[in-house]
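A quick write-up on the structure given underneath.
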Amino acid sequence: MTADSSHSKYSQSIQAFAEAGRFIPGGVDSPVRAFGGVDNDPLFIKSASGSKITDIDGNEYIDYVCSWGPMILGHAHPAVIDAVHKAADNGTSFGAPTLAETTLARKIASHFDSIDKVRLVSSGTEAVMTAIRLARAFTKRDLIVKMVGCYHGHSDCLLAAAGSGLAENAIASCAGVPDQIAGLTIVIPYNDIDAAKAALQKHKGRIAAIFVEPIAANMGAIPPLPGYLQALRRLCDEEGSLLVFDEVISGFRVALGGAQQLYGIKPDITTLGKIIGGGLPAAALGARSEIMDMLAPVGPAYQAGTLSGNPLATAAAIATLEILEQQDTYKKLESSSATLARGLADAAKEAGVPVTINRVGSILSCFFTDKPVQTFDDVQATDIARFKKYFSLMLEHGIYLAPSAYEAMFVSLAHTDSDIEKTIEAAQLGFRTLIK
């Protein structure tokens with residue numbers, strides 16, 4: 001489907017996008033859905049099952065977006081759908097405590113050594129926003145540090161761009177965000193421990209927390225360099241700042257205990273989302289008791305949400321986690337993901353297309369470059385134009401990738417050997433076409 005949208009194969013999606021634009025800004029309710037990072041119009045999805053999604057024109061695709069990560073079991077998993085149906089029969093929202101909230105919080109805490117208590121919320125943005133408030137309340141400090149290219153939701157102080165020099169206060173990167181609020185954030189490069197040291201030294205005694213995706217997944221998949229997370233942990237300990245792991249994407253995806261289990265690091269606060277909703281809106285933050293007890297109604301840091309821990313989301317979450325807790329779940333994910341990554345790399349090499357594959361567990365990215373990709377600058381230096389062509393070619397062959405060179409691919413338990421094989425075959429054709 002090209003930008004001129006003459007393809008009859010996608011005619012209903014094209015028409016739907018035009019109609020949506022009359023009533024919804026940009027025709028979408030979240031910007032990345034607009035396909036602004038590729039030369040295509042967005043597909044409108046009608047249904048999904050297992051590893052496949054189907055658009056309103058009836059085209060079926062093997063899906064590697066997986067609703068941006070949460071569909072680790074695949075779409076419409078029978079156990080999750082059954083759990084949601086049973087919960088809905090009893091009512092969809094009470095605004096009052098339920099036993100399922102405690103069950104889910106207990107499950108989360110049991111898998112994360114850094115977590116004693118959990119606060120359930122409705123989105124990753126809300127979880128991180130609350131973590132900022134909590135960190136400030138606990139440390140009695142105002143400034144926070146975030147990394148370039150790491151996305152933590154759309155709250156004001158996180159929509160910030162780096163200042164005029166290293167470790168300077170940030171400026172707003174979004175209309176509607178006052179510079180005074182953005183100025184409470186220090187933006188530094190990911191995977192650069194010297195920059196973190198400089199920030200803590202320059203603003204000594206003022207940094208409440210360092211926020212980081214332990215596995216960056218919002219500029220494509222970029223793992224931490226060896227020793228990077230350990231060094232952040234030491235710096236925070238030395239300076240009395242909290243270390244916050246944003247595991248909204250990596251939590252329960254790379255391991256039951258998230259990236260912190262994988263790398264053996266205990267953050268002070270963890271934010272979780274995506275998978276703990278099982279496909280429904282849900283997220284959480286957790287920490288040791290002395291930090292979490294700063295939250296109302298126990299402590300002075302206020303946070304509330306009528307739909308937090310609602311019955312449908314908690315039912316979906318519990319059903320999802322119970323399946324992930326089964327033996328060999330992550331071995332299967334690792335095997336499928338490793339096969340896909342090898343196949344893509346081999347296909348690119350055979351075609352003579354320079355590609356770097358980054359992967360941690362079932363999160364991976366295909367970057368069009370012959371150089372290592374370890375920072376946001378590295379991502380920006382890749383061949384974005386070539387990615388756009390590759391995206392369109394894969395879509396034509398029935399493979400649904402994230403519509404941006406700055407996003408990751410996700411493998412689910414529903415992806416079969418046949419799905420992986422078909423994806424590699426499509427990539428072989430795509431890479432060959434790219435060099436013609």
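Identifiers for the structure tokens are assigned positionally: chains receive A, B, ... in sequence, residues are indexed from 1 per chain, and ligands are indexed from 1 in the order shown.
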Note to self: Can you pull out the residues contacting Leu184 (chain A)? Cut-off 9 Å, using only C-alpha atoms, and skip same-chain residues under 3 positions away; I want them as a ChimeraX atom specification.
What the structure shows: /A:142-145,157,169-170,179-181
With all heavy atoms retained, export the selected residues as a short mmCIF file (atom, residue, chain, number, x, y, z; two decimals), in the first residue's frame.
```cif
data_model
loop_
_atom_site.label_atom_id
_atom_site.label_comp_id
_atom_site.auth_asym_id
_atom_site.auth_seq_id
_atom_site.Cartn_x
_atom_site.Cartn_y
_atom_site.Cartn_z
N ASP A 142 13.95 17.27 43.49
CA ASP A 142 13.07 17.63 42.39
C ASP A 142 13.48 17.11 41.02
O ASP A 142 12.63 16.84 40.16
CB ASP A 142 12.95 19.16 42.28
CG ASP A 142 12.24 19.77 43.46
OD1 ASP A 142 11.46 19.05 44.11
OD2 ASP A 142 12.48 20.96 43.74
N LEU A 143 14.79 17.00 40.77
CA LEU A 143 15.25 16.69 39.42
C LEU A 143 15.21 15.19 39.13
O LEU A 143 15.41 14.36 40.02
CB LEU A 143 16.67 17.20 39.21
CG LEU A 143 16.91 18.70 39.38
CD1 LEU A 143 18.37 19.04 39.08
CD2 LEU A 143 15.99 19.50 38.46
N ILE A 144 14.97 14.85 37.86
CA ILE A 144 15.08 13.47 37.42
C ILE A 144 15.96 13.42 36.18
O ILE A 144 16.13 14.42 35.48
CB ILE A 144 13.71 12.84 37.10
CG1 ILE A 144 13.02 13.57 35.96
CG2 ILE A 144 12.82 12.80 38.34
CD1 ILE A 144 11.81 12.85 35.40
N VAL A 145 16.53 12.25 35.93
CA VAL A 145 17.37 12.02 34.75
C VAL A 145 16.68 10.98 33.88
O VAL A 145 16.18 9.97 34.37
CB VAL A 145 18.76 11.51 35.16
CG1 VAL A 145 19.57 11.11 33.92
CG2 VAL A 145 19.51 12.56 35.96
N CYS A 157 6.94 16.18 32.14
CA CYS A 157 8.37 16.29 32.42
C CYS A 157 9.20 15.28 31.64
O CYS A 157 10.43 15.38 31.61
CB CYS A 157 8.65 16.17 33.91
SG CYS A 157 8.16 14.61 34.63
N ASN A 169 19.88 21.23 32.19
CA ASN A 169 18.44 21.07 32.31
C ASN A 169 17.81 21.04 30.92
O ASN A 169 18.23 21.75 30.01
CB ASN A 169 17.85 22.22 33.13
CG ASN A 169 18.36 22.23 34.55
OD1 ASN A 169 19.51 22.56 34.78
ND2 ASN A 169 17.52 21.86 35.49
N ALA A 170 16.78 20.19 30.76
CA ALA A 170 16.19 19.97 29.46
C ALA A 170 15.26 21.11 29.06
O ALA A 170 14.88 21.96 29.89
CB ALA A 170 15.42 18.65 29.45
N ASP A 179 8.53 25.08 29.59
CA ASP A 179 9.96 24.83 29.78
C ASP A 179 10.32 24.70 31.26
O ASP A 179 11.28 24.00 31.61
CB ASP A 179 10.78 25.96 29.14
CG ASP A 179 10.87 25.83 27.63
OD1 ASP A 179 10.73 24.71 27.12
OD2 ASP A 179 11.05 26.87 26.96
N GLN A 180 9.53 25.35 32.12
CA GLN A 180 9.81 25.25 33.56
C GLN A 180 9.65 23.82 34.05
O GLN A 180 10.38 23.37 34.94
CB GLN A 180 8.87 26.17 34.36
CG GLN A 180 9.05 27.66 34.05
CD GLN A 180 8.07 28.11 32.98
OE1 GLN A 180 7.82 27.41 32.01
NE2 GLN A 180 7.51 29.30 33.18
N ILE A 181 8.68 23.10 33.48
CA ILE A 181 8.49 21.70 33.87
C ILE A 181 9.56 20.82 33.25
O ILE A 181 10.17 19.98 33.92
CB ILE A 181 7.08 21.22 33.48
CG1 ILE A 181 6.03 21.95 34.32
CG2 ILE A 181 6.95 19.71 33.67
CD1 ILE A 181 4.60 21.60 33.97
#
```
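Counting only C-alpha atoms, region 191-207 of chain A has the following residues at most 8 Å away, ignoring those fewer than 5 positions along the same chain: Arg141, Asp142, Leu143, Ile144, Val145, Leu166, Ala167, Glu168, Ile186, Pro224, Leu225, Tyr228, Ala231, Leu232, Leu235, Glu239, Gly240, Ser241, Gln374 and Thr375 of chain A.
The list of residues with at least one atom within 12 Å of Asp113 (chain A), based on only C-alpha atoms and without residues fewer than 3 positions apart in the same chain, reads Lys107, Ile108, Ala109, Ser110, Asp116, Lys117, Leu256, Gly257, Gly258, Ala259, Gln260, Gln261, Gly264, Ile265, Lys266, Pro267, Asp268, Ile269, Thr270, Gly286, Ala287 and Arg288 of chain A.
Reported to one decimal place, the separation of CA of Asp41 (chain A) from CA of Ser404 (chain A) is 12.6 Å.
Here CA of Ile188 (chain A) and CA of Leu262 (chain A) stand 24.1 Å from one another.
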Check: Leaving out region 297-300 of chain A and any residue of its chain fewer than 2 positions from it, which residues lie within 12 Å of it when counting only C-alpha atoms, given as a ChimeraX atom specification?
Finding: /A:119,133-134,136-138,140,289-295,302-304
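The space between CA of Lys274 (chain A) and CA of Val244 (chain A) spans 17.4 Å.
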Note to self: DSSP on the backbone, strand (DSSP E) only: what residues of region 238-351 of chain A does that give? Format it as a list in words.
What the structure shows: Leu242, Leu243, Val244, Phe245, Asp246, Glu247, Ile269, Thr270, Thr271, Leu272, Ala283, Ala284, Leu285, Gly286 and Ala287 of chain A
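Of the residues listed (A:Ala345, A:Leu312, A:Val355, A:Ala76), A:Leu312 shows the shortest atom-to-atom separation from Ala88 (chain A); distances use only C-alpha atoms.
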Next item on the list: Could you give me the residues within region 381-421 of chain A that DSSP places in alpha helix (DSSP H), as a list in words?
Entry: Ile384, Ala385, Arg386, Phe387, Lys388, Lys389, Tyr390, Phe391, Ser392, Leu393, Met394, Leu395, Glu396, Asp417, Ser418, Asp419, Ile420 and Glu421 of chain A
Write to file, as a compact mmCIF listing (two decimals), in the first residue's frame, the residues of the selection just made, with N, CA, C and O atoms.
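Saved the output as result13.txt:
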```txt
# COMPACT_ATOMS: atom_id res chain seq x y z
N ILE A 384 17.08 4.87 7.16
CA ILE A 384 15.64 4.91 7.43
C ILE A 384 14.85 4.75 6.12
O ILE A 384 13.80 4.09 6.09
N ALA A 385 15.35 5.33 5.04
CA ALA A 385 14.66 5.22 3.75
C ALA A 385 14.57 3.77 3.30
O ALA A 385 13.54 3.32 2.78
N ARG A 386 15.64 3.03 3.53
CA ARG A 386 15.63 1.61 3.16
C ARG A 386 14.66 0.84 4.05
O ARG A 386 13.98 -0.08 3.57
N PHE A 387 14.58 1.20 5.33
CA PHE A 387 13.60 0.54 6.20
C PHE A 387 12.18 0.74 5.69
O PHE A 387 11.37 -0.19 5.70
N LYS A 388 11.87 1.95 5.25
CA LYS A 388 10.52 2.23 4.76
C LYS A 388 10.16 1.33 3.58
O LYS A 388 9.04 0.81 3.50
N LYS A 389 11.10 1.14 2.68
CA LYS A 389 10.86 0.26 1.54
C LYS A 389 10.69 -1.19 2.01
O LYS A 389 9.81 -1.92 1.52
N TYR A 390 11.52 -1.58 2.94
CA TYR A 390 11.46 -2.94 3.50
C TYR A 390 10.12 -3.17 4.17
O TYR A 390 9.49 -4.23 3.98
N PHE A 391 9.66 -2.19 4.94
CA PHE A 391 8.35 -2.31 5.61
C PHE A 391 7.25 -2.58 4.60
O PHE A 391 6.42 -3.47 4.78
N SER A 392 7.22 -1.80 3.51
CA SER A 392 6.18 -1.95 2.50
C SER A 392 6.26 -3.32 1.82
O SER A 392 5.23 -3.96 1.56
N LEU A 393 7.48 -3.77 1.54
CA LEU A 393 7.65 -5.08 0.90
C LEU A 393 7.17 -6.20 1.81
O LEU A 393 6.51 -7.15 1.35
N MET A 394 7.50 -6.11 3.09
CA MET A 394 7.06 -7.14 4.04
C MET A 394 5.54 -7.14 4.19
O MET A 394 4.91 -8.20 4.26
N LEU A 395 4.96 -5.96 4.19
CA LEU A 395 3.51 -5.86 4.30
C LEU A 395 2.84 -6.53 3.09
O LEU A 395 1.85 -7.25 3.24
N GLU A 396 3.39 -6.29 1.92
CA GLU A 396 2.84 -6.90 0.71
C GLU A 396 2.91 -8.42 0.76
O GLU A 396 2.07 -9.12 0.17
N ASP A 417 6.58 -22.39 13.99
CA ASP A 417 7.75 -22.57 13.13
C ASP A 417 7.43 -22.15 11.71
O ASP A 417 8.26 -21.56 11.02
N SER A 418 6.20 -22.45 11.28
CA SER A 418 5.78 -22.07 9.93
C SER A 418 5.73 -20.56 9.78
O SER A 418 6.13 -20.01 8.74
N ASP A 419 5.23 -19.85 10.81
CA ASP A 419 5.20 -18.38 10.78
C ASP A 419 6.61 -17.82 10.62
O ASP A 419 6.84 -16.90 9.82
N ILE A 420 7.54 -18.36 11.40
CA ILE A 420 8.92 -17.87 11.36
C ILE A 420 9.52 -18.13 9.98
O ILE A 420 10.18 -17.27 9.38
N GLU A 421 9.27 -19.33 9.44
CA GLU A 421 9.79 -19.69 8.13
C GLU A 421 9.23 -18.76 7.04
O GLU A 421 9.98 -18.27 6.18
```
Polymer residues at most 8 Å from region 423-428 of chain A, only C-alpha atoms, same-chain spacing of 3 or more positions, as an mmCIF file with N, CA and C atoms, in the first residue's frame:
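Result file is result_31.cif:
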```
data_model
loop_
_atom_site.group_PDB
_atom_site.id
_atom_site.type_symbol
_atom_site.label_atom_id
_atom_site.label_comp_id
_atom_site.auth_asym_id
_atom_site.auth_seq_id
_atom_site.Cartn_x
_atom_site.Cartn_y
_atom_site.Cartn_z
ATOM 1 N N ILE A 62 0.957 -12.051 9.438
ATOM 2 C CA ILE A 62 1.669 -12.525 10.632
ATOM 3 C C ILE A 62 2.108 -11.282 11.392
ATOM 4 N N LEU A 340 14.288 -16.613 14.255
ATOM 5 C CA LEU A 340 13.906 -15.478 13.428
ATOM 6 C C LEU A 340 15.081 -14.529 13.215
ATOM 7 N N GLY A 343 17.621 -16.049 10.889
ATOM 8 C CA GLY A 343 17.095 -16.101 9.532
ATOM 9 C C GLY A 343 17.122 -14.747 8.847
ATOM 10 N N LEU A 344 16.762 -13.702 9.567
ATOM 11 C CA LEU A 344 16.793 -12.355 9.000
ATOM 12 C C LEU A 344 18.225 -11.937 8.676
ATOM 13 N N ALA A 347 19.448 -13.901 5.641
ATOM 14 C CA ALA A 347 18.786 -13.435 4.419
ATOM 15 C C ALA A 347 19.401 -12.120 3.931
ATOM 16 N N ALA A 348 19.660 -11.227 4.871
ATOM 17 C CA ALA A 348 20.266 -9.941 4.509
ATOM 18 C C ALA A 348 21.678 -10.127 3.968
ATOM 19 N N ALA A 351 21.675 -11.466 0.475
ATOM 20 C CA ALA A 351 21.274 -10.460 -0.507
ATOM 21 C C ALA A 351 22.279 -9.320 -0.622
ATOM 22 N N MET A 394 7.500 -6.111 3.094
ATOM 23 C CA MET A 394 7.064 -7.144 4.040
ATOM 24 C C MET A 394 5.545 -7.135 4.188
ATOM 25 N N HIS A 397 3.881 -8.945 1.495
ATOM 26 C CA HIS A 397 4.034 -10.395 1.625
ATOM 27 C C HIS A 397 3.368 -10.940 2.895
ATOM 28 N N ILE A 399 3.440 -9.733 6.138
ATOM 29 C CA ILE A 399 4.160 -9.627 7.408
ATOM 30 C C ILE A 399 3.931 -8.228 7.970
ATOM 31 N N ASP A 419 5.231 -19.849 10.814
ATOM 32 C CA ASP A 419 5.201 -18.384 10.780
ATOM 33 C C ASP A 419 6.608 -17.817 10.620
ATOM 34 N N ILE A 420 7.543 -18.357 11.397
ATOM 35 C CA ILE A 420 8.924 -17.872 11.357
ATOM 36 C C ILE A 420 9.520 -18.134 9.976
ATOM 37 N N PHE A 431 14.728 -8.291 0.852
ATOM 38 C CA PHE A 431 16.116 -7.844 0.778
ATOM 39 C C PHE A 431 16.607 -7.863 -0.671
ATOM 40 N N ARG A 432 16.230 -8.899 -1.407
ATOM 41 C CA ARG A 432 16.656 -8.963 -2.809
ATOM 42 C C ARG A 432 16.098 -7.800 -3.613
#
```
Next item on the list: Determine the nearest neighbour of Gly91 (chain A) from the options A:Asn310, A:Glu238, A:Gly21, A:Gly26, counting only C-alpha atoms.
Entry: A:Asn310
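If only C-alpha atoms are the atoms counted, then among A:Ser335, A:Ala301, A:Asp63, A:Thr320 the closest residue to Ser47 (chain A) is A:Asp63.
Minimum distance to Ala182 (chain A) across A:Lys146, A:Lys371, A:Arg233, A:Arg359 (counting only C-alpha atoms) occurs at A:Lys146.
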Considering only C-alpha atoms, give me a table of residues in region 309-334 of chain A that are at most 12 Å from region 407-416 of chain A, with the closest atom pair and distance in Å for each, as a Markdown table.
```
| residue | atom | partner | partner_atom | distance |
| --- | --- | --- | --- | --- |
| A:Thr320 | CA | A:Leu413 | CA | 11.5 |
| A:Ile323 | CA | A:Leu413 | CA | 10.2 |
| A:Leu324 | CA | A:Leu413 | CA | 9.5 |
| A:Asp328 | CA | A:Leu413 | CA | 10.9 |
| A:Thr329 | CA | A:Leu413 | CA | 7.7 |
| A:Tyr330 | CA | A:Leu413 | CA | 8.8 |
| A:Lys331 | CA | A:Leu413 | CA | 10.2 |
| A:Lys332 | CA | A:Leu413 | CA | 7.1 |
| A:Leu333 | CA | A:Leu413 | CA | 6.1 |
| A:Glu334 | CA | A:Val411 | CA | 9.1 |
```
Could you turn the residues from that selection into a file that holds C-alpha atoms, as an mmCIF file, in the first residue's frame?
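Once written, selection23.cif looks like this:
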```cif
data_model
loop_
_atom_site.group_PDB
_atom_site.id
_atom_site.type_symbol
_atom_site.label_atom_id
_atom_site.label_comp_id
_atom_site.auth_asym_id
_atom_site.auth_seq_id
_atom_site.Cartn_x
_atom_site.Cartn_y
_atom_site.Cartn_z
ATOM 1 C CA THR A 320 -1.684 -14.385 31.191
ATOM 2 C CA ILE A 323 0.519 -19.330 31.432
ATOM 3 C CA LEU A 324 3.875 -17.530 31.508
ATOM 4 C CA ASP A 328 9.636 -23.945 29.271
ATOM 5 C CA THR A 329 7.548 -20.908 28.267
ATOM 6 C CA TYR A 330 10.566 -18.652 27.928
ATOM 7 C CA LYS A 331 12.652 -21.390 26.310
ATOM 8 C CA LYS A 332 10.086 -21.539 23.512
ATOM 9 C CA LEU A 333 10.098 -17.757 23.126
ATOM 10 C CA GLU A 334 13.894 -17.737 23.054
#
```
Checklist line | Exercise: Gly176 (chain A) partners within 12 Å, only C-alpha atoms, chain neighbours under 6 positions left out, as number ranges by chain | finding: A: 154-157, 159-160, 182
Given the selection you just returned, output its residues as a file containing N, CA, C and O atoms, formatted as a PDB file, in the first residue's frame.
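Now in out-v8.pdb:
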```pdb
ATOM      1  N   HIS A 154       3.772   9.975  28.042  1.00  0.00           N
ATOM      2  CA  HIS A 154       3.627  11.345  27.563  1.00  0.00           C
ATOM      3  C   HIS A 154       3.360  12.364  28.674  1.00  0.00           C
ATOM      4  O   HIS A 154       2.807  13.433  28.407  1.00  0.00           O
ATOM      5  N   SER A 155       3.768  12.070  29.907  1.00  0.00           N
ATOM      6  CA  SER A 155       3.631  13.087  30.949  1.00  0.00           C
ATOM      7  C   SER A 155       4.610  14.226  30.698  1.00  0.00           C
ATOM      8  O   SER A 155       5.665  14.050  30.063  1.00  0.00           O
ATOM      9  N   ASP A 156       4.271  15.413  31.180  1.00  0.00           N
ATOM     10  CA  ASP A 156       4.970  16.644  30.790  1.00  0.00           C
ATOM     11  C   ASP A 156       6.480  16.597  30.972  1.00  0.00           C
ATOM     12  O   ASP A 156       7.235  16.953  30.067  1.00  0.00           O
ATOM     13  N   CYS A 157       6.936  16.176  32.143  1.00  0.00           N
ATOM     14  CA  CYS A 157       8.367  16.292  32.421  1.00  0.00           C
ATOM     15  C   CYS A 157       9.201  15.284  31.641  1.00  0.00           C
ATOM     16  O   CYS A 157      10.429  15.383  31.609  1.00  0.00           O
ATOM     17  N   LEU A 159       8.501  14.630  28.305  1.00  0.00           N
ATOM     18  CA  LEU A 159       8.560  15.093  26.920  1.00  0.00           C
ATOM     19  C   LEU A 159       9.561  16.233  26.862  1.00  0.00           C
ATOM     20  O   LEU A 159       9.238  17.402  26.683  1.00  0.00           O
ATOM     21  N   ALA A 160      10.817  15.853  27.054  1.00  0.00           N
ATOM     22  CA  ALA A 160      11.897  16.825  27.202  1.00  0.00           C
ATOM     23  C   ALA A 160      13.053  16.450  26.296  1.00  0.00           C
ATOM     24  O   ALA A 160      13.337  15.270  26.066  1.00  0.00           O
ATOM     25  N   ALA A 182       9.814  21.020  31.948  1.00  0.00           N
ATOM     26  CA  ALA A 182      10.855  20.247  31.276  1.00  0.00           C
ATOM     27  C   ALA A 182      12.216  20.482  31.920  1.00  0.00           C
ATOM     28  O   ALA A 182      13.077  19.598  31.934  1.00  0.00           O
TER      29      ALA A 182
END
```
Item checked: Near-region 276-280 of chain A list (6 Å; only C-alpha atoms; drop same-chain fewer than 4 positions) as JSON, numbers by chain -> {"A": [70, 313, 316, 317, 320]}
File dump, residues just selected, N, CA and C atoms, as a compact mmCIF listing (two decimals), in the first residue's frame:
```txt
# COMPACT_ATOMS: atom_id res chain seq x y z
N PRO A 70 2.21 -6.43 24.37
CA PRO A 70 1.50 -7.20 25.40
C PRO A 70 0.99 -8.57 24.98
N ALA A 313 -9.31 -6.20 33.53
CA ALA A 313 -7.87 -6.17 33.33
C ALA A 313 -7.15 -7.13 34.28
N ALA A 316 -7.60 -10.70 32.99
CA ALA A 316 -6.73 -10.96 31.84
C ALA A 316 -5.28 -11.11 32.27
N ALA A 317 -4.85 -10.25 33.19
CA ALA A 317 -3.47 -10.28 33.67
C ALA A 317 -3.16 -11.59 34.38
N THR A 320 -2.92 -14.46 31.98
CA THR A 320 -1.68 -14.38 31.19
C THR A 320 -0.48 -14.84 31.99
```
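When only C-alpha atoms are used to compute distances to Pro223 (chain A), the closest of the residues A:Met71, A:Ile363, A:Ala79, A:Ile56 turns out to be A:Ile363.
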